[in-house]
There are 2 protein chains.
Amino acid sequence: MPEPADTAWLRTVAHEVRSFDRSSTAERVAELLRSRVIEGDLPPGTRLSEEQLVEVLHVSRNTLREAFRLLTHEGLLVHRLHRGVFVPELDEDDLVDLYRLRRTIECDVVRRLEGLDAVRLRPLYDAVAAGEDAARRGDWGAAGTANMRFHQQLVALAGSRRLDETTARLLAELRLAFHAIAVPQRLHEPYVSRNRGLLDLLTAGEVEQAAKELEAYLHDSEAELLAAHRERPRS
Amino acid sequence: MPEPADTAWLRTVAHEVRSFDRSSTAERVAELLRSRVIEGDLPPGTRLSEEQLVEVLHVSRNTLREAFRLLTHEGLLVHRLHRGVFVPELDEDDLVDLYRLRRTIECDVVRRLEGLDAVRLRPLYDAVAAGEDAARRGDWGAAGTANMRFHQQLVALAGSRRLDETTARLLAELRLAFHAIAVPQRLHEPYVSRNRGLLDLLTAGEVEQAAKELEAYLHDSEAELLAAHRERPRS
DNA sequence: ACCTAGAGAGTTGTTGAACAATCCCTCAAG
DNA sequence: CTTGAGGGATTGTTCAACAACTCTCTAGGT
């Protein structure tokens with residue numbers, strides 16, 4: 001029951017900022033940093049200073065470090081002993097590795113699909129539509145986001161919790177690579193329509209053909225990304 | 001309903017925490033707890049009390065909690081807000097999910113294999129031999145360990161860091177389920193010879209046939225485990 | 001008998017300060 | 001140019017205290 005809400009509000013507001021919802025402070029800090037990393041606000045190689053972040057976020061060092069752990073395990077930060085945490089710089093081997101995992105998971109999921117119907121495919125239609133819309137507007141950032149959602153939802157059709165988690169982490173890491181390169185149109189444009197084609201195959205129940213197309217799709221995407229990666233970097 | 005963790009198993013090795021160097025204290029604590037969970041010393045459902053472990057291990061709560069994070073990410077512990085960390089109790093859905101992931105990864109790895117030779121297959125031969133040896137001795141715990149090693153090395157043939165990590169976590173979780181059931185012979189015996197058969201197919205370069213056999217193998221193993229799980233539990 | 005609220009005990013969540021260990025840069029010596 | 005010894009800055013770890021939460025048990029109302 002509410003208390004006499006004269007000054008109690010002032011006394012408790014500071015804490016509400018930290019613990020209103022059901023997650024821990026560390027998780028909320030992690031969420032904050034996660035979005036910054038995923039949005040590309042922090043360039044790869046950046047060191048996240050404990051001192052600075054404690055100052056800005058108004059949390060203790062211990063809590064901040066717990067948030068670091070969470071993100072490190074998601075692959076969004078790397079931790080070097082006695083040196084701190086950094087936004088990862090993915091090299092070509094990482095990109096190849098990530099696409100290897102993508103092909104393994106996504107193609108296998110598609111190949112094993114059965115009993116598809118419009119209801120189950122609904123999230124995929126939404127994602128494809130969002131991608132087409134973003135492309136029309138020339139908003140390639142949004143197109144990239146929609147593409148990620150498409151593939152996440154594709155895997156979600158398998159109904160496997162661990163497959164979903166692995167994919168989420170995989171796509172988050174991949175996003176780091178996209179930001180580091182910054183030629184969004186070239187990387188995203190071809191796949192807007194290919195996503196539509198893939199979805200049409202699924203709607204028709206042609207899972208084997210869809211899997212083959214997806215395999216080629218991912219190979220092409222990997223090649224594009226690697227080529228872009230070789231052109232740009234001057235590190 | 002699990003009582004406070006029995007810490008007798010820890011006292012004998014508490015000093016080990018200090019003997020190693022070269023890694024952080026949290027990692028050493030995690031390694032210690034990891035082996036205890038994997039060996040089945042801590043039954044599923046056990047709560048790991050911060051207070052007790054801090055007392056026994058002589059590390060601070062912060063360090064201990066960092067170790068908890070590591071193990072939580074590996075799936076060897078689960079964390080419930082304001083309630084503590086527990087050894088997970090896997091239900092049938094988890095088992096089905098784990099085998100789904102196994103089939104996806106292992107079968108795909110096998111299917112894409114090429115350029116195999118005796119050198120690359122060497123770790124697999126060793127694991128199979130260890131399994132056969134353990135079976136001869138009737139040491140079904142060791143047979144299980146050898147089996148895990150076989151599958152880990154199988155995936156390692158793909159040469160993918162992330163595939164290896166995912167598999168390591170997957171097999172560690174699966175091991176929890178084996179401990180919870182404890183009919184080791186029935187669960188491990190048939191697969192000693194099937195591993196040998198699988199390896200022969202790989203040696204002959206019959207990857208497609210090996211993949212099909214592995215698919216059936218994993219289905220059978222899953223069915224056995226589920227059946228054993230339904231018979232035993234008295235939760 | 002049932003449920004409901006609430007107090008109390010026990011455990012986890014978070015903080016801030018302190019000190020130790022390590023890295024990295026600078027600068028002097030060879 | 002290389003090597004190695006400070007020294008400053010940052011991370012690793014510990015500790016103690018308090019806040020917040022869960023669980024259990026009890027008292028009171030219906």
# chains A, B, ... in the order shown; residues from 1 in each chain; ligands from 1
>>> interface_residues(of="chain A", to="chain B", cutoff="10 Å", atoms="only C-alpha atoms", output="tab-separated table (two decimals) with N, CA and C atoms, in the first residue's frame")
chain	number	residue	atom	x	y	z
A	22	ARG	N	12.49	-6.22	-12.68
A	22	ARG	CA	12.87	-7.46	-12.03
A	22	ARG	C	14.29	-7.92	-12.33
A	23	SER	N	15.09	-7.06	-12.90
A	23	SER	CA	16.45	-7.49	-13.23
A	23	SER	C	17.44	-6.83	-12.28
A	24	SER	N	18.61	-7.37	-12.24
A	24	SER	CA	19.62	-6.83	-11.34
A	24	SER	C	20.26	-5.59	-11.96
A	62	ASN	N	32.34	-3.22	-8.62
A	62	ASN	CA	31.97	-4.63	-8.64
A	62	ASN	C	30.78	-4.90	-9.54
A	63	THR	N	29.79	-4.05	-9.45
A	63	THR	CA	28.61	-4.23	-10.29
A	63	THR	C	28.96	-4.05	-11.76
A	65	ARG	N	31.80	-4.59	-13.13
A	65	ARG	CA	32.57	-5.74	-13.58
A	65	ARG	C	31.67	-6.95	-13.83
A	66	GLU	N	30.60	-7.05	-13.07
A	66	GLU	CA	29.67	-8.15	-13.32
A	66	GLU	C	28.98	-7.94	-14.67
A	69	ARG	N	31.29	-9.05	-17.35
A	69	ARG	CA	31.29	-10.50	-17.50
A	69	ARG	C	30.16	-10.95	-18.42
A	70	LEU	N	28.98	-10.42	-18.17
A	70	LEU	CA	27.84	-10.82	-18.98
A	70	LEU	C	28.10	-10.58	-20.46
A	73	HIS	N	30.71	-12.83	-22.09
A	73	HIS	CA	30.21	-14.14	-22.43
A	73	HIS	C	29.34	-14.11	-23.67
A	74	GLU	N	28.82	-12.95	-24.00
A	74	GLU	CA	28.01	-12.83	-25.22
A	74	GLU	C	28.89	-12.55	-26.42
A	81	LEU	N	43.44	-10.08	-19.16
A	81	LEU	CA	43.84	-10.05	-17.75
A	81	LEU	C	44.73	-8.85	-17.46
A	82	HIS	N	44.33	-8.11	-16.45
A	82	HIS	CA	45.09	-6.95	-15.99
A	82	HIS	C	45.16	-5.82	-17.01
A	93	ASP	N	39.52	-14.59	-39.75
A	93	ASP	CA	39.24	-15.92	-39.22
A	93	ASP	C	37.93	-15.93	-38.43
A	94	ASP	N	37.70	-14.86	-37.68
A	94	ASP	CA	36.45	-14.78	-36.93
A	94	ASP	C	35.25	-14.76	-37.86
A	96	VAL	N	35.01	-15.91	-40.91
A	96	VAL	CA	34.84	-17.24	-41.51
A	96	VAL	C	34.19	-18.18	-40.49
A	97	ASP	N	34.66	-18.10	-39.26
A	97	ASP	CA	34.13	-18.97	-38.21
A	97	ASP	C	32.65	-18.68	-37.95
A	98	LEU	N	32.30	-17.42	-37.90
A	98	LEU	CA	30.91	-17.05	-37.66
A	98	LEU	C	30.00	-17.55	-38.79
A	100	ARG	N	30.61	-20.05	-40.75
A	100	ARG	CA	30.57	-21.50	-40.66
A	100	ARG	C	29.45	-21.94	-39.71
A	101	LEU	N	29.41	-21.29	-38.57
A	101	LEU	CA	28.39	-21.62	-37.58
A	101	LEU	C	26.99	-21.28	-38.11
A	103	ARG	N	25.98	-21.25	-41.23
A	103	ARG	CA	25.55	-22.24	-42.21
A	103	ARG	C	25.12	-23.53	-41.52
A	104	THR	N	25.89	-23.94	-40.56
A	104	THR	CA	25.55	-25.16	-39.83
A	104	THR	C	24.16	-25.05	-39.22
A	105	ILE	N	23.93	-23.99	-38.50
A	105	ILE	CA	22.67	-23.86	-37.78
A	105	ILE	C	21.50	-23.57	-38.71
A	106	GLU	N	21.63	-22.51	-39.48
A	106	GLU	CA	20.47	-22.08	-40.26
A	106	GLU	C	20.06	-23.10	-41.31
A	107	CYS	N	21.03	-23.65	-42.02
A	107	CYS	CA	20.68	-24.62	-43.06
A	107	CYS	C	20.06	-25.87	-42.47
A	108	ASP	N	20.60	-26.30	-41.35
A	108	ASP	CA	20.05	-27.50	-40.72
A	108	ASP	C	18.63	-27.26	-40.22
A	109	VAL	N	18.41	-26.08	-39.65
A	109	VAL	CA	17.07	-25.75	-39.18
A	109	VAL	C	16.08	-25.81	-40.34
A	112	ARG	N	15.20	-29.33	-41.64
A	112	ARG	CA	14.37	-30.17	-40.79
A	112	ARG	C	12.96	-29.62	-40.57
A	158	ALA	N	12.62	-23.60	-35.26
A	158	ALA	CA	13.01	-24.91	-34.75
A	158	ALA	C	12.48	-25.14	-33.33
A	159	GLY	N	12.16	-24.04	-32.63
A	159	GLY	CA	11.62	-24.18	-31.29
A	159	GLY	C	12.62	-24.67	-30.27
A	160	SER	N	13.88	-24.35	-30.48
A	160	SER	CA	14.92	-24.80	-29.56
A	160	SER	C	15.54	-23.63	-28.82
A	161	ARG	N	15.46	-23.67	-27.50
A	161	ARG	CA	15.97	-22.57	-26.69
A	161	ARG	C	17.46	-22.35	-26.94
A	162	ARG	N	18.22	-23.44	-26.94
A	162	ARG	CA	19.67	-23.29	-27.06
A	162	ARG	C	20.09	-22.86	-28.46
A	163	LEU	N	19.34	-23.30	-29.44
A	163	LEU	CA	19.61	-22.84	-30.80
A	163	LEU	C	19.35	-21.33	-30.89
A	166	THR	N	22.26	-19.43	-29.09
A	166	THR	CA	23.49	-19.47	-29.88
A	166	THR	C	23.39	-18.51	-31.06
A	170	LEU	N	25.59	-15.19	-31.97
A	170	LEU	CA	26.24	-15.20	-33.27
A	170	LEU	C	25.94	-13.91	-34.05
>>> calpha_fit_rmsd(fixed="chain A", moving="chain B")
8.2 Å
>>> interface_residues(of="chain D", to="chain A", cutoff="12 Å", atoms="only C-alpha atoms (C1' of nucleotides)", output="PDB file with N, CA, C and O atoms (P, O5', C5', C4', C3', O3' and C1' of nucleotides), in the first residue's frame")
ATOM      1  P    DA D   9      49.360   9.007 -12.740  1.00  0.00           P
ATOM      2  O5'  DA D   9      48.606   7.792 -13.429  1.00  0.00           O
ATOM      3  C5'  DA D   9      48.920   7.439 -14.783  1.00  0.00           C
ATOM      4  C4'  DA D   9      48.224   6.143 -15.148  1.00  0.00           C
ATOM      5  C3'  DA D   9      46.773   6.058 -14.658  1.00  0.00           C
ATOM      6  O3'  DA D   9      45.952   5.584 -15.715  1.00  0.00           O
ATOM      7  C1'  DA D   9      47.998   4.173 -13.907  1.00  0.00           C
ATOM      8  P    DT D  10      44.355   5.508 -15.529  1.00  0.00           P
ATOM      9  O5'  DT D  10      44.107   3.929 -15.457  1.00  0.00           O
ATOM     10  C5'  DT D  10      44.643   3.089 -16.466  1.00  0.00           C
ATOM     11  C4'  DT D  10      44.430   1.639 -16.079  1.00  0.00           C
ATOM     12  C3'  DT D  10      43.025   1.343 -15.529  1.00  0.00           C
ATOM     13  O3'  DT D  10      42.413   0.332 -16.301  1.00  0.00           O
ATOM     14  C1'  DT D  10      44.713   0.445 -14.105  1.00  0.00           C
ATOM     15  P    DT D  11      40.975  -0.276 -15.873  1.00  0.00           P
ATOM     16  O5'  DT D  11      41.375  -1.694 -15.278  1.00  0.00           O
ATOM     17  C5'  DT D  11      42.162  -2.592 -16.078  1.00  0.00           C
ATOM     18  C4'  DT D  11      42.689  -3.738 -15.230  1.00  0.00           C
ATOM     19  C3'  DT D  11      41.614  -4.662 -14.652  1.00  0.00           C
ATOM     20  O3'  DT D  11      42.074  -6.003 -14.781  1.00  0.00           O
ATOM     21  C1'  DT D  11      42.970  -3.861 -12.920  1.00  0.00           C
ATOM     22  P    DG D  12      41.133  -7.229 -14.293  1.00  0.00           P
ATOM     23  O5'  DG D  12      41.745  -7.604 -12.869  1.00  0.00           O
ATOM     24  C5'  DG D  12      42.930  -8.379 -12.810  1.00  0.00           C
ATOM     25  C4'  DG D  12      43.161  -8.921 -11.400  1.00  0.00           C
ATOM     26  C3'  DG D  12      42.002  -9.736 -10.824  1.00  0.00           C
ATOM     27  O3'  DG D  12      42.531 -10.856 -10.118  1.00  0.00           O
ATOM     28  C1'  DG D  12      42.457  -7.897  -9.412  1.00  0.00           C
ATOM     29  P    DT D  13      41.532 -11.954  -9.505  1.00  0.00           P
ATOM     30  O5'  DT D  13      41.349 -11.478  -8.012  1.00  0.00           O
ATOM     31  C5'  DT D  13      42.492 -11.384  -7.160  1.00  0.00           C
ATOM     32  C4'  DT D  13      42.084 -10.819  -5.811  1.00  0.00           C
ATOM     33  C3'  DT D  13      40.827 -11.452  -5.195  1.00  0.00           C
ATOM     34  O3'  DT D  13      41.245 -12.255  -4.095  1.00  0.00           O
ATOM     35  C1'  DT D  13      40.906  -9.078  -4.903  1.00  0.00           C
ATOM     36  P    DT D  14      40.151 -12.967  -3.171  1.00  0.00           P
ATOM     37  O5'  DT D  14      40.003 -11.946  -1.970  1.00  0.00           O
ATOM     38  C5'  DT D  14      41.170 -11.390  -1.379  1.00  0.00           C
ATOM     39  C4'  DT D  14      40.789 -10.313  -0.388  1.00  0.00           C
ATOM     40  C3'  DT D  14      39.639 -10.692   0.560  1.00  0.00           C
ATOM     41  O3'  DT D  14      40.122 -10.738   1.889  1.00  0.00           O
ATOM     42  C1'  DT D  14      39.357  -8.493  -0.346  1.00  0.00           C
ATOM     43  P    DA D  19      20.601   0.673   5.094  1.00  0.00           P
ATOM     44  O5'  DA D  19      19.983   0.271   3.690  1.00  0.00           O
ATOM     45  C5'  DA D  19      20.723   0.551   2.503  1.00  0.00           C
ATOM     46  C4'  DA D  19      20.183  -0.271   1.349  1.00  0.00           C
ATOM     47  C3'  DA D  19      18.668  -0.475   1.361  1.00  0.00           C
ATOM     48  O3'  DA D  19      18.184  -0.377   0.038  1.00  0.00           O
ATOM     49  C1'  DA D  19      19.736  -2.586   1.418  1.00  0.00           C
ATOM     50  P    DA D  20      16.590  -0.428  -0.239  1.00  0.00           P
ATOM     51  O5'  DA D  20      16.430  -1.920  -0.754  1.00  0.00           O
ATOM     52  C5'  DA D  20      17.193  -2.350  -1.870  1.00  0.00           C
ATOM     53  C4'  DA D  20      16.832  -3.780  -2.203  1.00  0.00           C
ATOM     54  C3'  DA D  20      15.327  -4.069  -2.161  1.00  0.00           C
ATOM     55  O3'  DA D  20      14.997  -4.826  -3.305  1.00  0.00           O
ATOM     56  C1'  DA D  20      16.484  -5.587  -0.759  1.00  0.00           C
ATOM     57  P    DC D  21      13.473  -5.104  -3.692  1.00  0.00           P
ATOM     58  O5'  DC D  21      13.396  -6.688  -3.566  1.00  0.00           O
ATOM     59  C5'  DC D  21      14.382  -7.488  -4.221  1.00  0.00           C
ATOM     60  C4'  DC D  21      14.464  -8.841  -3.556  1.00  0.00           C
ATOM     61  C3'  DC D  21      13.104  -9.523  -3.406  1.00  0.00           C
ATOM     62  O3'  DC D  21      13.032 -10.584  -4.339  1.00  0.00           O
ATOM     63  C1'  DC D  21      14.485  -9.773  -1.455  1.00  0.00           C
TER      64       DC D  21
END
>>> select_by_dssp(residues="segment 61-219 of chain A", states="strand (DSSP E)", output="list of chain:residue names")
A:Val78, A:His79, A:Arg80, A:Gly84, A:Val85, A:Phe86
>>> closest_atom_pairs(of="chain C", to="chain A", cutoff="10 Å", atoms="only C-alpha atoms (C1' of nucleotides)", output="CSV")
residue,atom,partner,partner_atom,distance
C:DG13,C1',A:Ser24,CA,7.7
C:DT14,C1',A:Thr63,CA,7.1
C:DT15,C1',A:Ser60,CA,5.9
C:DG16,C1',A:Ser60,CA,7.4
C:DA21,C1',A:His82,CA,8.6
C:DT22,C1',A:His82,CA,6.0
C:DC23,C1',A:Arg83,CA,6.8
C:DC24,C1',A:Arg83,CA,9.9
